[in-house]
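First up is the structure itself, then whatever we jot down about it.
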Amino acid sequence: MSIVLRNLVKTYGEHTVVDNVSLEIADGELFVLLGASGSGKSTILRMIAGLVPVDSGQVLLHGRDVTDLSPQERNTGFVFQNYSLFQHMTVAENVEFGLQVRKRPQAERVVKRDELLALVGLAGFAGRYPSQLSGGQQQRVAVARALAFEPSVLLLDEPFGALDVKIRGALRRALRDIQRSLRVTTILVTHDQEEAFELADRIGVVDHGRLLEVGPPAELYRRPQHEFVATFVGEANLLGVRSDGGRVRVGELTLPLPVRLAEQDPGIRWAALFRPEELAVAREREELSEPVLGEGVVEEVLDLGAARRLRLRLQPIPGVWPLGRDFGEAGVALLAALPWKPGSDLEFRNGDRVWVGVRGYHLLPRLARTFLILVDGTSGSSEALEQGFRLARAMAASVTLLCVAPTQSAGERIVAELREALARQKPAPAFKLRVGDVVEELAGETAREAYDLVVAPGRSEDVKARLSERIQSEVVAGITSERLVGSSPFPVLVAHGPRPELKRILLCTAAGEPGKLDVFFGGQVARTTGAAATLLFVDGPAFGAVSAEGGDGRAPDAWKRRFWIERHLEQGLQTLAAQGVQAQVSVRQGDALEQILAAAQEGEHDLIVIGGHLVQTWADLPERDLSIELVARADRPVLVVKGSFSR
Amino acid sequence: MTSVPASTRVVASTAPRPWGRWGLRVAVASYLGFMILLPLAAVLQRGFADGLTAFWQELTSQTAMDALRLTLLTAAIMAVVNTVMGTLTAYVLVRYDFPGRRWLDGLIDMPFAIPTLVTGVMLVTLYGPQGVIGGFLEARGVSVIFARPGIILALLLVSYPFVIRAVQPVLLEAERSQEEAAHTLGASGWTTFRRVVFPTIRPAVISGGLLAFARALGEFGSIVVVAGNIPGRTLTAPVYIFQQIESENPRGASAMSIILLGLSFALLLALDWWQQRKGLRHV
Amino acid sequence: MSESRDADPAAAPETAPPAPPSAVGPKRGAKRRRPVEWVLIGLVLFYALLLLLGPLASLVWGAFGEGVSRLLAELTTPDAVHALKLTLILSVAATVLNTLLGVTAAWLFVRDDFRGRRFLNAIVDTPFAVSPVIAGFMLILLFGRNGWLAPLADALGIKVVFALPGMLLATMFVSIPFVIREVMPVLEQMGTEQENAAQTLGASGWRTFWRVTLPGIRWGVLYGVSLTFARALGEFGALLVVSGSISGLTETSTLFIFRTLDERNTVAAYGMALVLALLSFSLLMVMEVVKKRTRRTS
């Protein structure tokens, strides 16, 4: 391996620019790091060259650990976007610079310089100054300069970014030829996917400092594993779908899950990817030889010469929601590409009714999440915002703000204020404004759209101070929070109290089952935020009832209880370990609610995670929803994991 | 000298009435003529009034020669030291971040703002025989104040900002990636500075150094305090002029004035010419 | 039944939070700095300490060395008060005159074209190149015995040399270039569009200047005024030559410092030096503010 990166991390203050990036690049490979601007791809490249110090992790070049070496000692050829030629030196002096500082004899320098200038097609330009060259020529000189001293690897940072389109194409081909002839291991950073596809042996897609996916261009195009990759590489029709016994249903279609995906956790949602050329369009259903997706209307015909593209809109399909740009619109928007067939008179016009068939598809797990943060204008809203955005950043979720106000004007004021206050907040939120009752509006919203988490304001300190204890739990938590938690079909985070950090998480398995959604979700929170997790089991009356149910009606024996608890916790730890989370374990005795509160207090936990869905399944238990009681009593954020990840 | 693009000139039709404009022109011409040209002419006239021989004799007297030599020597030493330290200071201020950086950046202008006589007094309080550092050095047989090192020290202080303020903007504008490119090509920090950074700031360094030198030739306020003004040892040219005026020898004062003025003007004109040539070549 | 399997949360609450998967290897500081950098920074700080901060602190120390009351006594003697007053009067007068004439000159250099404009523009900078002693000397040559302008001054009944008019001229001479050189670029940058617009709206030349041009260049003028005032405040060499240093009459603050230093009255000298330094520093701060304002408006 020419280049090996191990767990590279770079943070600037609060901002993580490079997040745990590991990568191996083979000898002679041309690897492209593809990502939007600000995704951290350039920082990765600069860390390899030693221009940016590494916070943690390792950089190995040809097996040599260069992590702590200065740029001078690394022997990497680096090409900058702005060329960065030495303006006061001639082309020849620029190209010879690297050899000169290595004290190579004059004769060798001249030979090498002429050879490289010929290679980049600039023989005869040796005596010119950079200011006498065009941008494209300057970049060729920069490439020659970076290669002259025979570096172990060649690193190019958006090398064609400052050039116009025509020159860019020519230079790309030149670079590809040079790289092939010298067989020098190369990493090129770009935001241009066309460039990446034309040049790369393999592409790595970078987003928010993370290396999402690595693979050959065709593989990334046909079988992406991330929604971001699917939409960033080429055009994509992405539909959110749910799985049902190893299969996915999209309207009339039934798509079998690949075996390796079917084995994964059932809670994962899926996205079905149809590339535009994988869709077939016909006027009559019978004309389609492919499986049928549905019927729709042509909204726009785009004639691109070589191919025609149709923008279509299908009738809403139950259980399917379109992802990406048209999120939230009625119906299912699709983009279809029709190959040009000579002599074909198949003409579509806007408004035509058509049938859409599917030639090929790809299923990918839906890892991108959407959080809904509820803002009602109370002071608790700021805590909901703070904690919601913190989790969203950690879990790479997008954020929708649901602002509920008693009147339209009040609501607009809240939205305007929030827009200003959150102008620089990341991720940039979407806003929704509703007038009416908080719980009803939330219920309506969660019925229309799928969310991975609802973040609701808890009671805030100043409200708490003003109310008597009884009214407090009734009015603020007892009614609003309880109704919220009760009515939401999705996990709810009740953001009680200000929490400047998220360092310790308490996972309560007292009333749930390990390996299920609460532990799974809590584990994801712990992994993405880097927080320490404690797995809590409360051995008390409730558990007695649980184990009695499974047995013969007698009070369980001590050894049996003990065995049950051990197994229970072991499974929980395994679930967490599978997610890369090392958790501590704690067992307490007594009333579940009191013990959870005490454990959170003593351990200074910043978040309590509890399952909200399983209590009701034990039919012979009293009507007691522990999670709702916990929400009413707790003085810190509580995450109630309920419902399933898919609608 | 600043050249003015023609476009900013007022078109005749919108100009003030002709007599008003002529009045302004005459006012400005007489202001500058009276304030600048006439005094310069008076010095020239006085210096050469008794013929070239007398002028030459005044200039070649032992005291005058010593004073001129001392001025040139101390100014040259100062120029060298401050060119190095000024460049270094500018580089450190622009490229590194360290506690107190902004503070230092503000302090750099102090010698421009504070009267030179006051800077001289300041130096005496620290480096004089009663000062903390001066007393320490005196005990070891090194005198600073009332000796030649004091003159150099005063010049260093009053001309510290010149090179810094000339180099700083150029460094700020220079692309950081050129240095990075040199590093990836294997050049050490020193080689990078010598071969990549310095060539880009060289014009600014040289002009800053020359300005400081020209300024140092005429420095009076701080030197008259810190130097003992002993003829032949610590008497600089400007102080020599002052003494000649005091002892009613205007011819001697004029001769030295003409030499100093000539040197300064020649330096500044040369600098101007050189900068314009550089400017043209870059365009 | 044991209370806890691994650790009781009350006894050992999260003693070692599990390291996030990213933390491989020791944390290498983002601000890793090579020793060379520290040496260079240290060198610069040391130089600045020896040259700027040390002497400044030492002056303050020296002025207060014999107590605050002694310092106040020395600074409130009639001579000291008169010297400070005279300095302020001269500086204000020189600044006002140089500003009025300087703005006019700058306007003519930028907006007008006449024979000799380039030449006049070129000689504006000469006071920068002239040693202050020479400046004072030139005035003596002009107005002293047998001077070219002596008959004129006599006819008008004005005593120039060793008197206030000469001191004012000396102060003006050394600070001529500041206003002109600060205002010219601002005028150029402003262009003529606004002035032309005002004139098409019927404003007279004078009114246009007053209502349009001057507001446009006000920060440049203010910056030039601060520089002029600071320079005038600290003028010494030229005044020493031209004033005759008659204490209580033609003695300015700088001349006061020079005399008291000579008389070994260090408290008075250091005290007055401190006053001048403080005045200059406050001007420096005004200039910083003005600089920021100009950057914001431009």
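FYI, nothing fancy with the structure tokens labels: chains A, B, ... in order, residues from 1 per chain, ligands from 1 as they appear.
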- Within 9 Å of chain A, which residues of chain B show up when using only C-alpha atoms, listed as number ranges by chain? B: 175-189, 191, 196, 199-200
- Show which residues sit within 8 Å of range 129-135 of chain C, as a PyMOL selection string. Count only C-alpha atoms, and ignore same-chain residues fewer than 2 positions away. (chain B and resi 39+214-215+217-220+238-239+241-242+257+261+264-265+268) or (chain C and resi 125-127+137-139+170+173-174+235-238+240-241)
Next, the residues of the selection above should be written as a JSON list (two decimals), in the first residue's frame with N, CA and C atoms.
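again.json written:
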[["chain", "number", "residue", "atom", "x", "y", "z"],
["B", 39, "PRO", "N", 12.71, 78.81, 1.78],
["B", 39, "PRO", "CA", 13.71, 78.42, 2.78],
["B", 39, "PRO", "C", 14.83, 77.59, 2.17],
["B", 214, "ALA", "N", 17.35, 57.31, 5.47],
["B", 214, "ALA", "CA", 17.20, 58.72, 5.14],
["B", 214, "ALA", "C", 16.68, 59.49, 6.35],
["B", 215, "ARG", "N", 15.74, 58.86, 7.05],
["B", 215, "ARG", "CA", 15.18, 59.50, 8.23],
["B", 215, "ARG", "C", 16.26, 59.68, 9.30],
["B", 217, "LEU", "N", 19.41, 60.13, 8.97],
["B", 217, "LEU", "CA", 20.42, 61.15, 8.67],
["B", 217, "LEU", "C", 20.08, 62.46, 9.36],
["B", 218, "GLY", "N", 18.81, 62.81, 9.42],
["B", 218, "GLY", "CA", 18.42, 64.11, 9.96],
["B", 218, "GLY", "C", 17.98, 64.06, 11.40],
["B", 219, "GLU", "N", 18.03, 62.88, 12.05],
["B", 219, "GLU", "CA", 17.49, 62.75, 13.41],
["B", 219, "GLU", "C", 18.22, 63.66, 14.39],
["B", 220, "PHE", "N", 17.45, 64.40, 15.16],
["B", 220, "PHE", "CA", 18.04, 65.37, 16.07],
["B", 220, "PHE", "C", 17.54, 65.22, 17.50],
["B", 238, "PRO", "N", 23.45, 66.57, 12.34],
["B", 238, "PRO", "CA", 22.42, 67.55, 12.71],
["B", 238, "PRO", "C", 22.79, 68.34, 13.96],
["B", 239, "VAL", "N", 23.39, 67.66, 14.94],
["B", 239, "VAL", "CA", 23.79, 68.38, 16.15],
["B", 239, "VAL", "C", 24.92, 69.35, 15.82],
["B", 241, "ILE", "N", 25.21, 70.96, 13.04],
["B", 241, "ILE", "CA", 24.55, 72.14, 12.46],
["B", 241, "ILE", "C", 24.03, 73.04, 13.58],
["B", 242, "PHE", "N", 23.38, 72.41, 14.56],
["B", 242, "PHE", "CA", 22.84, 73.18, 15.67],
["B", 242, "PHE", "C", 23.95, 73.97, 16.38],
["B", 257, "SER", "N", 24.15, 71.54, 6.10],
["B", 257, "SER", "CA", 22.74, 71.37, 5.75],
["B", 257, "SER", "C", 22.61, 70.95, 4.30],
["B", 261, "LEU", "N", 20.83, 67.62, 3.15],
["B", 261, "LEU", "CA", 19.65, 67.71, 2.28],
["B", 261, "LEU", "C", 19.90, 66.97, 0.98],
["B", 264, "SER", "N", 19.68, 63.20, 1.52],
["B", 264, "SER", "CA", 18.31, 62.74, 1.70],
["B", 264, "SER", "C", 17.53, 62.77, 0.39],
["B", 265, "PHE", "N", 17.63, 63.92, -0.29],
["B", 265, "PHE", "CA", 16.89, 64.05, -1.55],
["B", 265, "PHE", "C", 17.34, 63.00, -2.55],
["B", 268, "LEU", "N", 15.87, 59.64, -1.61],
["B", 268, "LEU", "CA", 14.43, 59.53, -1.83],
["B", 268, "LEU", "C", 14.11, 59.51, -3.32],
["C", 125, "ASP", "N", 6.58, 66.67, -0.33],
["C", 125, "ASP", "CA", 7.17, 65.70, 0.60],
["C", 125, "ASP", "C", 8.49, 66.16, 1.20],
["C", 126, "THR", "N", 9.05, 67.25, 0.68],
["C", 126, "THR", "CA", 10.41, 67.59, 1.11],
["C", 126, "THR", "C", 10.54, 67.78, 2.63],
["C", 127, "PRO", "N", 9.56, 68.35, 3.34],
["C", 127, "PRO", "CA", 9.77, 68.49, 4.80],
["C", 127, "PRO", "C", 10.08, 67.16, 5.48],
["C", 137, "PHE", "N", 16.84, 76.41, 10.94],
["C", 137, "PHE", "CA", 17.96, 77.20, 10.41],
["C", 137, "PHE", "C", 17.53, 77.99, 9.17],
["C", 138, "MET", "N", 16.77, 77.35, 8.31],
["C", 138, "MET", "CA", 16.31, 78.02, 7.09],
["C", 138, "MET", "C", 15.48, 79.24, 7.43],
["C", 139, "LEU", "N", 14.65, 79.14, 8.47],
["C", 139, "LEU", "CA", 13.83, 80.28, 8.87],
["C", 139, "LEU", "C", 14.70, 81.42, 9.40],
["C", 170, "ALA", "N", 7.86, 77.37, 11.85],
["C", 170, "ALA", "CA", 8.65, 76.15, 11.98],
["C", 170, "ALA", "C", 7.75, 74.93, 12.18],
["C", 173, "PHE", "N", 6.01, 74.13, 8.98],
["C", 173, "PHE", "CA", 6.88, 73.54, 7.96],
["C", 173, "PHE", "C", 7.00, 72.03, 8.12],
["C", 174, "VAL", "N", 7.26, 71.60, 9.36],
["C", 174, "VAL", "CA", 7.54, 70.16, 9.54],
["C", 174, "VAL", "C", 6.29, 69.31, 9.35],
["C", 235, "GLU", "N", 7.32, 68.67, 18.02],
["C", 235, "GLU", "CA", 8.41, 69.32, 17.32],
["C", 235, "GLU", "C", 9.41, 69.93, 18.31],
["C", 236, "PHE", "N", 10.69, 69.68, 17.99],
["C", 236, "PHE", "CA", 11.71, 70.12, 18.93],
["C", 236, "PHE", "C", 12.86, 70.83, 18.23],
["C", 237, "GLY", "N", 13.50, 70.14, 17.27],
["C", 237, "GLY", "CA", 14.72, 70.67, 16.65],
["C", 237, "GLY", "C", 14.53, 72.05, 16.06],
["C", 238, "ALA", "N", 13.50, 72.20, 15.25],
["C", 238, "ALA", "CA", 13.29, 73.47, 14.57],
["C", 238, "ALA", "C", 12.98, 74.57, 15.57],
["C", 240, "LEU", "N", 13.89, 74.66, 18.70],
["C", 240, "LEU", "CA", 15.09, 74.94, 19.49],
["C", 240, "LEU", "C", 15.92, 76.01, 18.80],
["C", 241, "VAL", "N", 16.00, 75.89, 17.48],
["C", 241, "VAL", "CA", 16.82, 76.83, 16.71],
["C", 241, "VAL", "C", 16.14, 78.19, 16.62]]
- Could you pull out the residues in range 31-240 of chain B that DSSP calls alpha helix (DSSP H) from the backbone, as a VMD selection string? chain B and resid 31 to 32 38 to 48 51 to 59 62 to 95 101 to 107 110 to 113 116 to 127 132 to 139 148 to 158 160 to 173 176 to 184 189 to 192 198 to 217 221 to 226 237 to 240
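With only C-alpha atoms as the atoms that count, the residue of A:Lys426, A:Arg527, A:Arg393, A:Arg499 with the shortest distance to chain C is A:Arg527.
Take CA of Leu32 in chain B and CA of Gly224 in chain C: the distance between them is 17.3 Å.
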Counting only C-alpha atoms, which residues of chain A fall within 6 Å of chain C, and what is the closest atom pair for each with its distance in Å at one decimal, ordered by chain and rising number, as JSON lines?
{"residue": "A:Asn7", "atom": "CA", "partner": "C:Ser22", "partner_atom": "CA", "distance": 5.7}
{"residue": "A:Asn20", "atom": "CA", "partner": "C:Ser22", "partner_atom": "CA", "distance": 5.1}
{"residue": "A:Asp55", "atom": "CA", "partner": "C:Arg28", "partner_atom": "CA", "distance": 4.8}
{"residue": "A:Ser56", "atom": "CA", "partner": "C:Lys27", "partner_atom": "CA", "distance": 5.3}
{"residue": "A:Gly57", "atom": "CA", "partner": "C:Val24", "partner_atom": "CA", "distance": 5.5}
{"residue": "A:Gly530", "atom": "CA", "partner": "C:Pro20", "partner_atom": "CA", "distance": 4.9}
{"residue": "A:Ala532", "atom": "CA", "partner": "C:Pro17", "partner_atom": "CA", "distance": 4.9}
{"residue": "A:Gln582", "atom": "CA", "partner": "C:Pro18", "partner_atom": "CA", "distance": 5.8}
{"residue": "A:Val585", "atom": "CA", "partner": "C:Asp6", "partner_atom": "CA", "distance": 6.0}
{"residue": "A:Ser586", "atom": "CA", "partner": "C:Ser4", "partner_atom": "CA", "distance": 5.7}
{"residue": "A:Val587", "atom": "CA", "partner": "C:Ser4", "partner_atom": "CA", "distance": 4.9}
{"residue": "A:Glu602", "atom": "CA", "partner": "C:Ala10", "partner_atom": "CA", "distance": 5.7}
{"residue": "A:Gly603", "atom": "CA", "partner": "C:Pro13", "partner_atom": "CA", "distance": 5.1}
- Task: Write out as a PyMOL selection string each polymer residue whose atoms come within 9 Å of Val28 in chain B, counting only C-alpha atoms; drop sequence neighbours fewer than 2 positions from it.
- Result: (chain B and resi 23-26+30-33) or (chain C and resi 101-102+104-105+108+120)
I need the chosen residues saved as a PDB file, in the first residue's frame, with N, CA and C atoms.
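Contents of result.pdb, freshly written:
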ATOM      1  N   GLY B  23      -7.658  82.025  -7.906  1.00  0.00           N
ATOM      2  CA  GLY B  23      -7.343  82.439  -6.538  1.00  0.00           C
ATOM      3  C   GLY B  23      -6.805  81.284  -5.721  1.00  0.00           C
ATOM      4  N   LEU B  24      -7.460  80.120  -5.850  1.00  0.00           N
ATOM      5  CA  LEU B  24      -7.007  78.937  -5.122  1.00  0.00           C
ATOM      6  C   LEU B  24      -5.618  78.523  -5.563  1.00  0.00           C
ATOM      7  N   ARG B  25      -5.421  78.525  -6.881  1.00  0.00           N
ATOM      8  CA  ARG B  25      -4.106  78.115  -7.396  1.00  0.00           C
ATOM      9  C   ARG B  25      -3.002  79.008  -6.840  1.00  0.00           C
ATOM     10  N   VAL B  26      -3.241  80.314  -6.883  1.00  0.00           N
ATOM     11  CA  VAL B  26      -2.229  81.255  -6.393  1.00  0.00           C
ATOM     12  C   VAL B  26      -1.992  81.031  -4.901  1.00  0.00           C
ATOM     13  N   SER B  30       1.612  79.919  -3.515  1.00  0.00           N
ATOM     14  CA  SER B  30       2.413  80.769  -2.635  1.00  0.00           C
ATOM     15  C   SER B  30       2.631  80.094  -1.284  1.00  0.00           C
ATOM     16  N   TYR B  31       1.644  79.353  -0.835  1.00  0.00           N
ATOM     17  CA  TYR B  31       1.799  78.607   0.423  1.00  0.00           C
ATOM     18  C   TYR B  31       3.000  77.676   0.337  1.00  0.00           C
ATOM     19  N   LEU B  32       3.018  76.828  -0.687  1.00  0.00           N
ATOM     20  CA  LEU B  32       4.106  75.867  -0.806  1.00  0.00           C
ATOM     21  C   LEU B  32       5.414  76.548  -1.174  1.00  0.00           C
ATOM     22  N   GLY B  33       5.302  77.574  -2.014  1.00  0.00           N
ATOM     23  CA  GLY B  33       6.516  78.284  -2.422  1.00  0.00           C
ATOM     24  C   GLY B  33       7.147  78.976  -1.239  1.00  0.00           C
TER      25      GLY B  33
ATOM     26  N   LEU C 101      -5.089  74.978   4.228  1.00  0.00           N
ATOM     27  CA  LEU C 101      -4.307  75.075   2.999  1.00  0.00           C
ATOM     28  C   LEU C 101      -4.047  73.693   2.412  1.00  0.00           C
ATOM     29  N   GLY C 102      -3.894  72.700   3.283  1.00  0.00           N
ATOM     30  CA  GLY C 102      -3.598  71.347   2.810  1.00  0.00           C
ATOM     31  C   GLY C 102      -4.762  70.747   2.048  1.00  0.00           C
ATOM     32  N   THR C 104      -7.072  72.405   0.491  1.00  0.00           N
ATOM     33  CA  THR C 104      -7.128  73.133  -0.775  1.00  0.00           C
ATOM     34  C   THR C 104      -6.094  72.585  -1.752  1.00  0.00           C
ATOM     35  N   ALA C 105      -4.878  72.422  -1.258  1.00  0.00           N
ATOM     36  CA  ALA C 105      -3.814  71.928  -2.133  1.00  0.00           C
ATOM     37  C   ALA C 105      -4.154  70.542  -2.661  1.00  0.00           C
ATOM     38  N   LEU C 108      -6.751  70.757  -5.351  1.00  0.00           N
ATOM     39  CA  LEU C 108      -6.201  71.249  -6.619  1.00  0.00           C
ATOM     40  C   LEU C 108      -5.365  70.170  -7.308  1.00  0.00           C
ATOM     41  N   LEU C 120       4.748  71.251  -7.906  1.00  0.00           N
ATOM     42  CA  LEU C 120       4.310  71.552  -6.540  1.00  0.00           C
ATOM     43  C   LEU C 120       4.014  70.260  -5.784  1.00  0.00           C
TER      44      LEU C 120
END
- Please indicate the distance in Å from CA of Leu278 in chain C to CA of Ile114 in chain B, rounded to one decimal place. 8.6 Å
- Query: Closest to chain C among B:Gln276, B:Thr83, B:Thr125, B:Gln168, using only C-alpha atoms?
  - Reply: B:Thr125
- Task: Return the neighbours of chain C among the residues of chain B, cut-off 6 Å, counting only C-alpha atoms, as a ChimeraX atom specification.
- Result: /B:8-10,16,28,39,43,89,113-115,118,122-123,125-126,157,218,221,264
- Message: For Glu290 in chain A, find every residue with an atom within 10 Å (counting only C-alpha atoms), except residues of its own chain fewer than 2 positions away, and show them as a PyMOL selection string.
- Response: chain A and resi 279-281+285-288+292-293+356-360
Okay, now the selection with N, CA and C atoms, as a short mmCIF file (atom, residue, chain, number, x, y, z; two decimals), in the first residue's frame?
data_model
loop_
_atom_site.label_atom_id
_atom_site.label_comp_id
_atom_site.auth_asym_id
_atom_site.auth_seq_id
_atom_site.Cartn_x
_atom_site.Cartn_y
_atom_site.Cartn_z
N LEU A 279 -35.57 3.60 -15.53
CA LEU A 279 -37.03 3.71 -15.61
C LEU A 279 -37.46 3.60 -17.07
N ALA A 280 -38.55 2.88 -17.28
CA ALA A 280 -39.13 2.78 -18.62
C ALA A 280 -40.47 3.50 -18.61
N VAL A 281 -40.79 4.19 -19.70
CA VAL A 281 -42.02 4.97 -19.74
C VAL A 281 -42.83 4.56 -20.97
N ARG A 285 -50.07 0.51 -20.25
CA ARG A 285 -49.47 -0.44 -19.33
C ARG A 285 -48.95 -1.67 -20.06
N GLU A 286 -49.66 -2.06 -21.07
CA GLU A 286 -49.31 -3.28 -21.79
C GLU A 286 -48.01 -3.13 -22.57
N GLU A 287 -47.65 -1.90 -22.90
CA GLU A 287 -46.43 -1.70 -23.67
C GLU A 287 -45.19 -1.97 -22.84
N LEU A 288 -45.33 -1.97 -21.53
CA LEU A 288 -44.17 -2.15 -20.67
C LEU A 288 -43.88 -3.63 -20.47
N VAL A 292 -44.10 -2.95 -13.23
CA VAL A 292 -44.69 -1.61 -13.24
C VAL A 292 -44.60 -0.96 -11.86
N LEU A 293 -44.18 0.32 -11.86
CA LEU A 293 -44.08 1.08 -10.62
C LEU A 293 -45.38 1.83 -10.35
N VAL A 356 -45.10 3.88 -15.70
CA VAL A 356 -43.65 3.83 -15.47
C VAL A 356 -43.27 2.42 -15.03
N GLY A 357 -42.28 1.87 -15.70
CA GLY A 357 -41.77 0.54 -15.36
C GLY A 357 -40.34 0.63 -14.86
N VAL A 358 -39.89 -0.45 -14.26
CA VAL A 358 -38.57 -0.45 -13.64
C VAL A 358 -37.69 -1.50 -14.29
N ARG A 359 -36.52 -1.07 -14.83
CA ARG A 359 -35.58 -2.01 -15.43
C ARG A 359 -34.58 -2.53 -14.42
N GLY A 360 -34.25 -1.67 -13.47
CA GLY A 360 -33.26 -2.07 -12.47
C GLY A 360 -33.45 -1.23 -11.23
#
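Residues in contact range of Ala270 in chain B, defined as at most 12 Å between only C-alpha atoms, with sequence neighbours fewer than 4 positions away removed, read B:Ile206, B:Ser207, B:Leu210, B:Leu211, B:Ala214, B:Gly262, B:Leu263, B:Ser264, B:Phe265, B:Ala266, B:Trp274, B:Gln275, B:Gln276, B:Arg277.
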- Between CA of Val153 in chain A and CA of Ala200 in chain A, distance in Å (one decimal): 15.3 Å
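With only C-alpha atoms as the atoms that count, the residue of A:Val52, A:Leu569, A:Ala271, A:Leu385 with the shortest distance to Lys10 in chain A is A:Val52.
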- Message: So that I can see what lies close to range 21-27 of chain A, please list as a PyMOL selection string the residues with an atom at most 10 Å from it, counting only C-alpha atoms and leaving out residues fewer than 4 positions away in the same chain.
- Response: (chain A and resi 1-10+31+44+57-62+152-153+183-187+202+204+206+209-212+214) or (chain C and resi 22)
- Using only C-alpha atoms: which of C:Val160, C:Leu152, C:Ile246, C:Ile217 has the shortest distance to Arg293 in chain C: C:Ile217
